[in-house]
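One file, upload36.txt, is given below (compact mmCIF, C-alpha atoms).
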# COMPACT_ATOMS: atom_id res chain seq x y z
CA MET U 1082 -1.80 -5.25 18.87
CA HIS U 1083 -1.09 -6.65 15.42
CA GLU U 1084 -4.17 -4.76 14.21
CA ALA U 1085 -1.86 -1.76 13.65
CA SER U 1086 0.22 -3.87 11.24
CA ILE U 1087 -2.96 -4.97 9.48
CA ALA U 1088 -4.31 -1.40 9.24
CA ARG U 1089 -1.02 -0.31 7.71
CA ALA U 1090 -1.13 -3.17 5.19
CA ILE U 1091 -4.69 -2.20 4.18
CA LEU U 1092 -3.72 1.45 3.69
CA GLN U 1093 -0.56 0.57 1.75
CA SER U 1094 -2.53 -1.67 -0.59
CA ALA U 1095 -5.37 0.82 -1.03
CA THR U 1096 -3.14 3.82 -1.71
CA SER U 1097 -1.13 1.72 -4.16
CA LYS U 1098 -4.38 1.02 -6.02
CA LEU U 1099 -5.29 4.71 -5.84
CA ASN U 1100 -1.96 5.76 -7.33
CA SER U 1101 -2.19 3.27 -10.17
CA THR U 1102 -5.77 4.21 -11.18
CA PRO U 1103 -6.01 6.97 -13.80
CA ASN U 1104 -7.87 10.10 -12.60
CA ALA U 1105 -8.37 8.70 -9.09
CA VAL U 1106 -7.80 11.41 -6.49
CA GLN U 1107 -8.79 9.93 -3.16
CA LEU U 1108 -10.02 6.85 -1.38
CA LYS U 1109 -13.60 6.95 -0.12
CA LEU U 1110 -14.03 3.43 1.24
CA VAL U 1111 -12.17 0.19 1.77
CA GLN U 1112 -14.33 -2.88 2.41
CA ILE U 1113 -12.72 -5.91 4.00
CA GLU U 1114 -13.85 -9.30 5.24
CA VAL U 1115 -12.58 -10.66 8.54
CA GLY U 1116 -13.17 -14.27 9.56
CA GLU U 1117 -13.87 -15.40 13.11
CA PHE U 1118 -10.70 -17.51 13.04
CA SER U 1119 -8.45 -14.70 11.84
CA ASN U 1120 -7.37 -13.45 15.29
CA VAL U 1121 -8.33 -9.90 14.38
CA ASP U 1122 -10.29 -7.68 16.72
CA SER U 1123 -12.52 -5.47 14.57
CA GLU U 1124 -12.73 -2.60 17.07
CA SER U 1125 -8.96 -2.47 17.45
CA LEU U 1126 -8.53 -2.61 13.68
CA GLN U 1127 -11.04 0.22 13.17
CA PHE U 1128 -9.25 2.30 15.81
CA ALA U 1129 -5.85 1.69 14.25
CA PHE U 1130 -7.16 2.45 10.75
CA ASP U 1131 -8.86 5.70 11.81
CA ASN U 1132 -5.69 6.91 13.51
CA MET U 1133 -3.37 5.92 10.70
CA ARG U 1134 -5.24 6.96 7.54
CA GLU U 1135 -4.08 10.60 7.63
CA LEU U 1136 -0.51 9.38 7.22
CA PHE U 1137 -1.35 8.07 3.74
CA GLN U 1138 -1.85 10.53 0.92
CA GLY U 1139 -5.36 10.34 -0.50
CA ALA U 1140 -6.71 8.28 2.41
CA SER U 1141 -7.52 10.89 5.05
CA ALA U 1142 -11.29 10.65 4.38
CA CYS U 1143 -11.35 6.93 3.73
CA GLU U 1144 -13.86 4.82 5.67
CA LEU U 1145 -13.21 1.21 6.62
CA GLN U 1146 -16.10 -1.24 6.32
CA ILE U 1147 -15.53 -4.55 8.09
CA ASP U 1148 -17.68 -7.54 7.12
CA ALA U 1149 -17.53 -10.34 9.71
CA ILE U 1150 -17.41 -13.87 8.33
CA GLN U 1151 -18.72 -16.68 10.52
CA ALA U 1152 -16.56 -19.77 10.81
CA GLN U 1153 -17.74 -23.02 9.27
CA ALA U 1154 -16.11 -26.41 9.77
CA ILE U 1155 -16.47 -30.07 8.80
CA CYS U 1156 -16.21 -32.32 11.84
CA GLN U 1157 -13.58 -35.07 12.17
CA ASN U 1158 -15.89 -38.06 12.52
CA HIS U 1159 -19.04 -37.59 10.46
CA ASN U 1160 -18.38 -34.70 8.08
CA HIS U 1161 -21.10 -32.63 9.72
CA LEU U 1162 -21.11 -28.97 8.73
CA TYR U 1163 -21.17 -26.73 11.81
CA ARG U 1164 -20.10 -23.40 13.25
CA PRO U 1165 -17.25 -23.94 15.74
CA ASP U 1166 -17.69 -21.85 18.89
CA PHE U 1167 -16.17 -21.45 22.32
CA GLU U 1168 -19.23 -22.84 24.13
CA HIS U 1169 -18.67 -26.23 22.48
CA ALA U 1170 -14.85 -26.00 22.72
CA PHE U 1171 -14.98 -25.65 18.90
CA CYS U 1172 -16.27 -29.22 18.58
CA CYS U 1173 -19.11 -30.36 16.35
CA THR U 1174 -22.46 -29.16 17.68
CA ILE U 1175 -24.09 -32.37 16.37
CA CYS U 1176 -21.71 -35.23 17.32
CA GLY U 1177 -19.08 -33.59 19.55
CA SER U 1178 -16.03 -34.52 17.48
CA GLY U 1179 -13.31 -32.02 16.71
CA ILE U 1180 -12.60 -29.83 13.69
CA GLY U 1181 -11.74 -31.91 10.65
CA LYS U 1182 -11.34 -28.99 8.30
CA LEU U 1183 -12.08 -25.31 8.58
CA LEU U 1184 -14.00 -24.21 5.49
CA ARG U 1185 -14.57 -20.57 6.42
CA GLY U 1186 -13.44 -18.19 9.09
CA GLU U 1187 -9.80 -17.48 8.26
CA GLU U 1188 -10.58 -14.70 5.76
CA LEU U 1189 -8.59 -11.49 6.00
CA ASN U 1190 -9.19 -9.89 2.62
CA ILE U 1191 -9.83 -6.61 0.88
CA ILE U 1192 -12.93 -7.09 -1.26
CA ASN U 1193 -13.73 -3.60 -2.52
CA MET U 1194 -12.26 -0.12 -2.77
CA ARG U 1195 -14.25 2.99 -3.64
CA LEU U 1196 -12.19 5.66 -5.34
CA GLU U 1197 -13.13 9.25 -6.10
CA THR U 1198 -12.11 10.25 -9.59
CA HIS U 1199 -11.69 13.70 -11.03
CA LEU U 1200 -12.04 13.99 -14.76
CA PRO U 1201 -10.71 17.06 -16.56
CA GLU U 1202 -13.33 19.49 -17.92
CA GLY U 1203 -14.88 18.09 -21.13
CA ALA U 1204 -13.50 14.59 -20.65
CA LYS U 1205 -15.77 11.57 -20.79
CA GLN U 1206 -15.67 8.68 -18.35
CA CYS U 1207 -14.60 5.52 -20.13
CA THR U 1208 -17.04 2.72 -19.39
CA THR U 1209 -14.88 -0.19 -20.57
CA ARG U 1210 -11.98 -1.67 -18.67
CA MET J 1007 -16.15 16.56 -12.59
CA HIS J 1008 -16.03 14.24 -9.56
CA ASP J 1009 -17.25 10.69 -9.65
CA THR J 1010 -16.74 7.53 -7.65
CA VAL J 1011 -15.78 4.13 -8.93
CA ASP J 1012 -15.84 0.81 -7.06
CA GLU J 1013 -12.89 -1.50 -7.62
CA HIS J 1014 -14.05 -4.98 -6.65
CA HIS J 1015 -11.19 -7.36 -6.20
CA LEU J 1016 -10.12 -9.95 -3.71
CA GLU J 1017 -6.75 -9.38 -2.15
CA ARG J 1018 -5.31 -10.96 0.98
CA ILE J 1019 -4.44 -8.15 3.35
CA LEU J 1020 -1.25 -9.79 4.55
CA SER J 1021 -0.21 -10.99 1.10
CA SER J 1022 3.07 -9.05 1.25
CA ASN J 1023 4.04 -10.96 4.43
CA GLU J 1024 2.97 -14.24 2.82
CA GLU J 1025 5.08 -13.53 -0.29
CA LEU J 1026 8.10 -12.75 1.87
CA ALA J 1027 7.47 -15.90 3.92
CA GLN J 1028 7.56 -17.89 0.69
CA HIS J 1029 10.80 -16.13 -0.21
CA ASN J 1030 12.26 -17.13 3.18
CA ARG J 1031 11.11 -20.71 2.64
CA GLU J 1032 13.04 -20.83 -0.63
CA HIS J 1033 16.14 -19.70 1.27
CA PHE J 1034 15.63 -22.44 3.86
CA ASP J 1035 15.08 -25.09 1.20
CA ASP J 1036 18.12 -23.98 -0.79
CA LEU J 1037 20.21 -24.18 2.37
CA GLY J 1038 18.72 -27.53 3.38
CA VAL J 1039 17.97 -26.16 6.84
CA LEU J 1040 14.87 -27.15 8.77
CA ALA J 1041 13.26 -23.95 10.12
CA ILE J 1042 11.16 -24.19 13.27
CA ASN J 1043 8.97 -21.31 14.51
CA LEU J 1044 8.61 -21.57 18.30
CA MET J 1045 5.62 -19.70 19.69
CA SER J 1046 4.08 -19.42 23.16
CA ALA J 1047 2.93 -17.01 25.83
CA PRO J 1048 5.73 -15.18 27.67
CA GLY J 1049 7.41 -17.42 30.23
CA ALA J 1050 6.20 -20.76 28.85
CA GLY J 1051 9.78 -21.95 28.54
CA LYS J 1052 10.82 -21.48 24.91
CA THR J 1053 14.37 -20.48 25.78
CA THR J 1054 14.74 -23.19 28.42
CA LEU J 1055 13.46 -25.86 26.01
CA LEU J 1056 15.95 -24.59 23.44
CA GLU J 1057 18.82 -24.71 25.95
CA ARG J 1058 17.95 -28.30 26.76
CA SER J 1059 17.43 -29.26 23.10
CA LEU J 1060 20.61 -27.61 21.86
CA ALA J 1061 22.67 -29.37 24.51
CA SER J 1062 21.81 -32.67 22.79
CA LEU J 1063 21.35 -31.65 19.17
CA THR J 1064 24.68 -29.86 18.84
CA ASN J 1065 26.50 -33.16 19.47
CA GLU J 1066 25.43 -34.25 16.02
CA PHE J 1067 23.97 -31.27 14.17
CA GLN J 1068 24.77 -27.68 13.33
CA CYS J 1069 22.14 -25.44 14.93
CA SER J 1070 21.41 -21.75 14.74
CA VAL J 1071 18.83 -19.52 16.40
CA ILE J 1072 16.97 -16.36 15.46
CA GLU J 1073 15.83 -14.81 18.72
CA GLY J 1074 12.85 -12.45 18.70
CA ASP J 1075 12.29 -10.18 21.66
CA MET J 1076 10.81 -6.75 22.09
CA VAL J 1077 13.92 -5.48 23.84
CA GLY J 1078 17.27 -6.76 25.12
CA GLU J 1079 19.37 -9.84 24.43
CA LEU J 1080 18.89 -11.77 27.68
CA ASP J 1081 17.53 -14.89 25.97
CA ALA J 1082 20.02 -14.62 23.11
CA ASP J 1083 22.92 -14.50 25.58
CA ARG J 1084 21.63 -17.61 27.37
CA LEU J 1085 21.62 -19.51 24.07
CA ARG J 1086 25.03 -18.19 23.00
CA HIS J 1087 26.41 -19.84 26.13
CA LYS J 1088 25.35 -23.13 24.53
CA GLY J 1089 27.82 -22.44 21.76
CA VAL J 1090 25.35 -21.75 18.98
CA ASP J 1091 25.14 -18.79 16.66
CA VAL J 1092 22.25 -16.50 17.65
CA SER J 1093 20.84 -13.61 15.59
CA GLN J 1094 18.86 -11.13 17.64
CA ILE J 1095 15.76 -9.39 16.27
CA SER J 1096 14.54 -6.62 18.54
CA THR J 1097 10.98 -5.86 17.54
CA GLY J 1098 10.61 -2.68 19.60
CA ARG J 1099 6.90 -2.24 20.21
CA SER J 1100 5.84 -4.96 17.80
CA CYS J 1101 4.33 -8.04 19.45
CA HIS J 1102 5.41 -10.57 16.81
CA LEU J 1103 8.08 -11.38 14.28
CA ASP J 1104 7.18 -10.95 10.63
CA ALA J 1105 8.65 -12.36 7.44
CA GLN J 1106 10.47 -9.11 6.59
CA MET J 1107 12.41 -9.19 9.86
CA VAL J 1108 13.52 -12.78 9.22
CA ALA J 1109 14.38 -11.99 5.60
CA ARG J 1110 16.77 -9.26 6.75
CA VAL J 1111 18.64 -11.80 8.88
CA LEU J 1112 18.73 -14.33 6.05
CA HIS J 1113 20.20 -11.73 3.70
CA ALA J 1114 22.80 -10.56 6.21
CA LYS J 1115 24.21 -13.89 7.33
CA ALA J 1116 25.27 -17.15 5.70
CA PHE J 1117 23.46 -20.15 7.15
CA SER J 1118 25.24 -22.71 4.99
CA GLY J 1119 25.88 -25.99 6.77
CA VAL J 1120 23.16 -25.36 9.34
CA ASP J 1121 20.83 -28.31 9.96
CA PHE J 1122 18.31 -26.73 12.31
CA LEU J 1123 17.29 -23.08 12.51
CA PHE J 1124 15.10 -22.29 15.52
CA ILE J 1125 13.16 -19.04 15.36
CA GLU J 1126 12.03 -18.06 18.85
CA ASN J 1127 9.08 -15.74 18.37
CA VAL J 1128 8.02 -12.95 20.71
CA GLY J 1129 6.02 -14.32 23.65
CA ASN J 1130 2.39 -13.99 22.59
CA LEU J 1131 -0.39 -16.48 21.80
CA VAL J 1132 -2.30 -14.20 19.42
CA CYS J 1133 -0.31 -12.10 16.97
CA PRO J 1134 2.42 -14.56 15.81
CA ALA J 1135 -0.30 -16.87 14.47
CA GLU J 1136 -1.12 -14.33 11.74
CA PHE J 1137 2.42 -13.86 10.46
CA PRO J 1138 4.06 -16.92 8.87
CA LEU J 1139 7.82 -16.53 8.58
CA GLY J 1140 8.52 -19.19 5.97
CA GLU J 1141 9.14 -21.88 8.59
CA HIS J 1142 8.72 -25.56 7.83
CA LYS J 1143 7.07 -26.35 11.15
CA ARG J 1144 5.15 -24.30 13.68
CA VAL J 1145 5.52 -25.40 17.29
CA VAL J 1146 3.46 -24.00 20.18
CA LEU J 1147 4.53 -24.35 23.81
CA LEU J 1148 2.02 -24.39 26.66
CA SER J 1149 3.32 -24.55 30.22
CA VAL J 1150 1.25 -26.36 32.82
CA THR J 1151 1.27 -23.25 35.01
CA GLU J 1152 -0.83 -21.39 32.41
CA GLY J 1153 -3.92 -23.58 32.71
CA ASP J 1154 -5.32 -26.35 30.53
CA ASP J 1155 -7.99 -24.09 28.99
CA LYS J 1156 -5.51 -22.07 26.91
CA PRO J 1157 -6.12 -23.99 23.67
CA ILE J 1158 -9.80 -22.99 23.59
CA LYS J 1159 -9.03 -19.44 24.73
CA TYR J 1160 -6.49 -19.01 21.92
CA PRO J 1161 -7.80 -21.48 19.32
CA VAL J 1162 -6.22 -19.98 16.21
CA ILE J 1163 -2.59 -20.57 17.11
CA PHE J 1164 -3.35 -24.15 18.21
CA HIS J 1165 -5.36 -24.79 15.03
CA ARG J 1166 -2.48 -23.67 12.82
CA CYS J 1167 0.49 -25.52 14.33
CA ASP J 1168 2.27 -28.80 13.72
CA ALA J 1169 3.23 -29.66 17.28
CA VAL J 1170 2.30 -28.65 20.82
CA ILE J 1171 4.75 -29.05 23.68
CA PHE J 1172 3.40 -29.07 27.21
CA THR J 1173 6.27 -27.71 29.31
CA LYS J 1174 7.13 -27.70 33.02
CA CYS J 1175 5.40 -31.07 33.53
CA ASP J 1176 7.50 -31.62 36.67
CA LEU J 1177 5.10 -29.10 38.25
CA LEU J 1178 1.96 -31.12 37.45
CA PRO J 1179 1.56 -32.37 41.06
CA TYR J 1180 1.35 -28.77 42.25
CA VAL J 1181 -0.92 -27.12 39.67
CA ASN J 1182 -4.48 -27.62 38.50
CA PHE J 1183 -3.66 -28.71 34.95
CA ASN J 1184 -5.31 -31.76 33.40
CA ILE J 1185 -3.00 -32.86 30.61
CA GLU J 1186 -5.59 -35.23 29.07
CA ARG J 1187 -8.10 -32.37 28.87
CA ALA J 1188 -5.51 -30.02 27.37
CA THR J 1189 -4.51 -32.66 24.81
CA LYS J 1190 -8.16 -33.21 23.85
CA TYR J 1191 -8.71 -29.46 23.40
CA VAL J 1192 -5.66 -29.32 21.13
CA THR J 1193 -6.50 -32.38 19.04
CA ASP J 1194 -10.15 -31.28 18.69
CA LEU J 1195 -8.85 -28.03 17.18
CA ASN J 1196 -6.17 -29.71 15.10
CA ALA J 1197 -6.44 -33.37 14.10
CA ASP J 1198 -2.92 -33.52 12.64
CA VAL J 1199 -0.99 -32.11 15.60
CA THR J 1200 1.66 -34.01 17.59
CA CYS J 1201 1.73 -33.38 21.36
CA PHE J 1202 4.63 -33.79 23.77
CA ALA J 1203 4.62 -33.67 27.58
CA THR J 1204 8.01 -32.37 28.66
CA SER J 1205 10.09 -31.07 31.51
CA ALA J 1206 13.40 -29.36 30.87
CA VAL J 1207 14.25 -30.00 34.54
CA THR J 1208 13.75 -33.78 34.64
CA GLY J 1209 14.25 -34.42 30.93
CA GLN J 1210 10.75 -35.96 30.55
CA GLY J 1211 9.67 -36.07 26.93
CA ILE J 1212 12.78 -34.33 25.60
CA ASP J 1213 14.00 -37.39 23.70
CA ASP J 1214 10.60 -37.75 21.97
CA TRP J 1215 10.69 -34.09 20.96
CA LEU J 1216 14.24 -34.40 19.62
CA THR J 1217 13.35 -37.56 17.71
CA TRP J 1218 10.41 -35.72 16.13
CA LEU J 1219 12.74 -32.87 15.13
CA VAL J 1220 15.28 -35.22 13.54
CA ASN J 1221 12.48 -37.03 11.69
CA GLN J 1222 11.19 -33.73 10.29
CA ARG J 1223 14.68 -32.93 9.03
CA THR J 1224 14.99 -36.39 7.46
CA ASP J 1225 11.64 -35.83 5.71
CA LEU J 1226 12.89 -32.49 4.40
CA LYS J 1227 16.09 -34.05 3.06
CA ASN J 1228 14.16 -36.84 1.36
CA ARG J 1229 11.81 -34.53 -0.52
Could you take the file, read its structure, and then write that structure out as structure tokens?
Amino acid sequence: MHEASIARAILQSATSKLNSTPNAVQLKLVQIEVGEFSNVDSESLQFAFDNMRELFQGASACELQIDAIQAQAICQNHNHLYRPDFEHAFCCTICGSGIGKLLRGEELNIINMRLETHLPEGAKQCTTR
Amino acid sequence: MHDTVDEHHLERILSSNEELAQHNREHFDDLGVLAINLMSAPGAGKTTLLERSLASLTNEFQCSVIEGDMVGELDADRLRHKGVDVSQISTGRSCHLDAQMVARVLHAKAFSGVDFLFIENVGNLVCPAEFPLGEHKRVVLLSVTEGDDKPIKYPVIFHRCDAVIFTKCDLLPYVNFNIERATKYVTDLNADVTCFATSAVTGQGIDDWLTWLVNQRTDLKNR
């Protein structure tokens, strides 16, 4: 159940961003990408996140959006591009040789955070960063 | 006035573990110690392989062990009887070691003069694959009693390792385990892996495994 460790890491990173952003008051959304070869179960991660978010200030209403990333590999023998899957024992679906290099599928990244900001009365939102 | 703002940025979720793993690696390199992360399902024979390996290695080399278990020091005590220094990490309810746990041990104890540091991870074929510890080499054990299909059922850990050790090979006549099929599954997932067929009971393959270990240490020293 390492998804609990991953949920905690997401919330620590997101609340750190929240605390360092001027006028940000709470997290609305964290969007992550999870590759097929990352050993992460999305349902378990969602469960852990939903049960842990209230422990982090500013994250109690935060939603987690999980984008699944399909794996893509180059095969060992002919440099075919293919999607490794269990049905083919992760071998090339064209020539049957093994994985030469995994190009995609190991992602475990935060890609976006949506923060709610609260500007004081009369203040203007700065549009440059 | 409430508003929302999107902060688009790419950040690895486990970057803090990866940074600590790099920190641990610098410790290992400074000490000149080869660090090996041993991973497997529970009961595959990590501790028994270590007992057998240490019995030979300690004739020539200084060895130390970091023992990861959820609870108790049963495995650590077995290895202490081999005359090596063992640091216990009790993970409680956590199913894997992480870089922070190993860093605490490295900061609490001097490992100067040690040639080999074996880190025996918690028995699990899933979670340890996601948490590098700073080790130089990742070694996965698969016992023949578990079934030859394990590499394709747990592909990630076999894809990300440097060596696979098939253990308990003295039991091959009694179990339905095809070692050629298991080896093909592993090498199809990982073209660079080295495989060993071993038995801690008969000694089969142990010398090859120890030679590989010594060669890895020589490579580290020659860098």
TODO: Would you kindly report the residues of chain U within 7 Å of chain J, using only C-alpha atoms, as a list in words?
DONE: Met1082, His1083, Ala1090, Ile1091, Phe1118, Asn1120, Phe1167, Ala1170, Phe1171, Cys1172, Ser1178, Gly1179, Ile1180, Gly1181, Leu1189, Asn1190, Ile1191, Ile1192, Asn1193, Met1194, Arg1195, Leu1196, Glu1197, Thr1198, His1199, Leu1200, Pro1201 and Glu1202 of chain U
Task: Long-range neighbours of Ala1140 in chain U as number ranges by chain, 7 Å cut-off, all atoms listed in the file, 3 positions minimum in chain - done: U: 1107-1108, 1134-1135, 1137, 1143
- [ ] Quick one: pull the distance between CA of Gly1078 in chain J and CA of Gly1049 in chain J, Å, one decimal.
- [x]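 Here the two named atoms are 15.4 Å from each other.
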Open item on the list: When you look at His1033 in chain J with a cut-off of 12 Å (counting only C-alpha atoms), what residues show up, excluding the ones that are within fewer than 4 positions of it in the same chain? I need them as an MDAnalysis selection string.
Closed with: chainID J and resid 1026:1029 1037:1041 1108:1113 1115:1118 1123 1139:1142
Task: Contacts of Asp1131 in chain U at 9 Å (only C-alpha atoms; same-chain gap of 5+ positions) as a PyMOL selection string - done: chain U and resi 1088+1126+1141+1143-1145
Find the residues around range 1053-1059 of chain J up to 8 Å (only C-alpha atoms counted), leave out those fewer than 3 positions away in its own chain, and share them as a tab-separated table (two decimals) with C-alpha atoms, in the coordinates of the input.
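selection_0.tsv, written as the output of this step:
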chain	number	residue	atom	x	y	z
J	1062	SER	CA	21.81	-32.67	22.79
J	1063	LEU	CA	21.35	-31.65	19.17
J	1081	ASP	CA	17.53	-14.89	25.97
J	1084	ARG	CA	21.63	-17.61	27.37
J	1085	LEU	CA	21.62	-19.51	24.07
J	1088	LYS	CA	25.35	-23.13	24.53
J	1126	GLU	CA	12.03	-18.06	18.85
J	1206	ALA	CA	13.40	-29.36	30.87
J	1212	ILE	CA	12.78	-34.33	25.60
J	1216	LEU	CA	14.24	-34.40	19.62
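CA of Asp1168 in chain J sits 26.7 Å away from CA of Glu1114 in chain U.
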TODO: For CA of Ile1042 in chain J and CA of Leu1219 in chain J, quote the distance in Å rounded to one decimal.
DONE: 9.0 Å
TODO: Considering all atoms listed in the file, return as a list in words whatever protein or nucleic-acid residues lie within 7 Å of Pro1165 in chain U, sequence-local ones (same chain, fewer than 2 positions apart) excluded.
DONE: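 Answer for this query is Ala1152, Gln1153, Ala1154, Tyr1163, Phe1171, Cys1172 and Cys1173 of chain U.
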Can I get the selection written as a PDB file, keeping the file's coordinate frame, with C-alpha atoms?
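The result, written out as part_8.pdb:
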ATOM      1  CA  ALA U1152     -16.560 -19.770  10.810  1.00  0.00           C
ATOM      2  CA  GLN U1153     -17.740 -23.020   9.270  1.00  0.00           C
ATOM      3  CA  ALA U1154     -16.110 -26.410   9.770  1.00  0.00           C
ATOM      4  CA  TYR U1163     -21.170 -26.730  11.810  1.00  0.00           C
ATOM      5  CA  PHE U1171     -14.980 -25.650  18.900  1.00  0.00           C
ATOM      6  CA  CYS U1172     -16.270 -29.220  18.580  1.00  0.00           C
ATOM      7  CA  CYS U1173     -19.110 -30.360  16.350  1.00  0.00           C
TER       8      CYS U1173
END
- [ ] Pull the neighbourhood of (0.8, -24.4, 28.2) for me: all residues within 9 Å in file coordinates, counting only C-alpha atoms, as a PyMOL selection string.
- [x] chain J and resi 1046-1047+1050+1146-1157+1170-1174+1188
Open item on the list: So, with all atoms listed in the file as the atoms that count, which of J:Ala1169, J:Cys1175, J:Ile1185, J:Leu1226 lies closest to Gly1051 in chain J?
Closed with: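 Smallest distance to Gly1051 in chain J is found for J:Cys1175.
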N, CA and C atoms modelled onto range 1052-1070 of chain J, as a PDB file, in the coordinates of the input:
ATOM      1  N   LYS J1052      10.218 -21.289  26.247  1.00  0.00           N
ATOM      2  CA  LYS J1052      10.820 -21.480  24.910  1.00  0.00           C
ATOM      3  C   LYS J1052      12.349 -21.527  25.013  1.00  0.00           C
ATOM      4  N   THR J1053      12.910 -20.558  25.707  1.00  0.00           N
ATOM      5  CA  THR J1053      14.370 -20.480  25.780  1.00  0.00           C
ATOM      6  C   THR J1053      14.935 -21.670  26.554  1.00  0.00           C
ATOM      7  N   THR J1054      14.257 -22.048  27.636  1.00  0.00           N
ATOM      8  CA  THR J1054      14.740 -23.190  28.420  1.00  0.00           C
ATOM      9  C   THR J1054      14.656 -24.487  27.620  1.00  0.00           C
ATOM     10  N   LEU J1055      13.567 -24.665  26.868  1.00  0.00           N
ATOM     11  CA  LEU J1055      13.460 -25.860  26.010  1.00  0.00           C
ATOM     12  C   LEU J1055      14.590 -25.851  24.977  1.00  0.00           C
ATOM     13  N   LEU J1056      14.873 -24.678  24.430  1.00  0.00           N
ATOM     14  CA  LEU J1056      15.950 -24.590  23.440  1.00  0.00           C
ATOM     15  C   LEU J1056      17.298 -24.923  24.075  1.00  0.00           C
ATOM     16  N   GLU J1057      17.548 -24.390  25.273  1.00  0.00           N
ATOM     17  CA  GLU J1057      18.820 -24.710  25.950  1.00  0.00           C
ATOM     18  C   GLU J1057      18.980 -26.218  26.083  1.00  0.00           C
ATOM     19  N   ARG J1058      17.905 -26.852  26.543  1.00  0.00           N
ATOM     20  CA  ARG J1058      17.950 -28.300  26.760  1.00  0.00           C
ATOM     21  C   ARG J1058      18.099 -29.042  25.421  1.00  0.00           C
ATOM     22  N   SER J1059      17.386 -28.589  24.407  1.00  0.00           N
ATOM     23  CA  SER J1059      17.430 -29.260  23.100  1.00  0.00           C
ATOM     24  C   SER J1059      18.796 -29.099  22.443  1.00  0.00           C
ATOM     25  N   LEU J1060      19.326 -27.880  22.513  1.00  0.00           N
ATOM     26  CA  LEU J1060      20.610 -27.610  21.860  1.00  0.00           C
ATOM     27  C   LEU J1060      21.736 -28.407  22.498  1.00  0.00           C
ATOM     28  N   ALA J1061      21.629 -28.606  23.815  1.00  0.00           N
ATOM     29  CA  ALA J1061      22.670 -29.370  24.510  1.00  0.00           C
ATOM     30  C   ALA J1061      22.834 -30.758  23.897  1.00  0.00           C
ATOM     31  N   SER J1062      21.729 -31.344  23.421  1.00  0.00           N
ATOM     32  CA  SER J1062      21.810 -32.670  22.790  1.00  0.00           C
ATOM     33  C   SER J1062      22.052 -32.576  21.286  1.00  0.00           C
ATOM     34  N   LEU J1063      21.292 -31.702  20.636  1.00  0.00           N
ATOM     35  CA  LEU J1063      21.350 -31.650  19.170  1.00  0.00           C
ATOM     36  C   LEU J1063      22.729 -31.264  18.647  1.00  0.00           C
ATOM     37  N   THR J1064      23.405 -30.365  19.355  1.00  0.00           N
ATOM     38  CA  THR J1064      24.680 -29.860  18.840  1.00  0.00           C
ATOM     39  C   THR J1064      25.781 -30.924  18.866  1.00  0.00           C
ATOM     40  N   ASN J1065      25.523 -32.069  19.530  1.00  0.00           N
ATOM     41  CA  ASN J1065      26.500 -33.160  19.470  1.00  0.00           C
ATOM     42  C   ASN J1065      26.593 -33.747  18.069  1.00  0.00           C
ATOM     43  N   GLU J1066      25.503 -33.600  17.324  1.00  0.00           N
ATOM     44  CA  GLU J1066      25.430 -34.250  16.020  1.00  0.00           C
ATOM     45  C   GLU J1066      25.117 -33.284  14.873  1.00  0.00           C
ATOM     46  N   PHE J1067      24.473 -32.176  15.210  1.00  0.00           N
ATOM     47  CA  PHE J1067      23.970 -31.270  14.170  1.00  0.00           C
ATOM     48  C   PHE J1067      24.454 -29.844  14.395  1.00  0.00           C
ATOM     49  N   GLN J1068      24.472 -29.108  13.267  1.00  0.00           N
ATOM     50  CA  GLN J1068      24.770 -27.680  13.330  1.00  0.00           C
ATOM     51  C   GLN J1068      23.446 -26.941  13.548  1.00  0.00           C
ATOM     52  N   CYS J1069      23.386 -26.146  14.594  1.00  0.00           N
ATOM     53  CA  CYS J1069      22.140 -25.440  14.930  1.00  0.00           C
ATOM     54  C   CYS J1069      22.380 -23.936  14.984  1.00  0.00           C
ATOM     55  N   SER J1070      21.346 -23.203  14.663  1.00  0.00           N
ATOM     56  CA  SER J1070      21.410 -21.750  14.740  1.00  0.00           C
ATOM     57  C   SER J1070      20.058 -21.249  15.244  1.00  0.00           C
TER      58      SER J1070
END
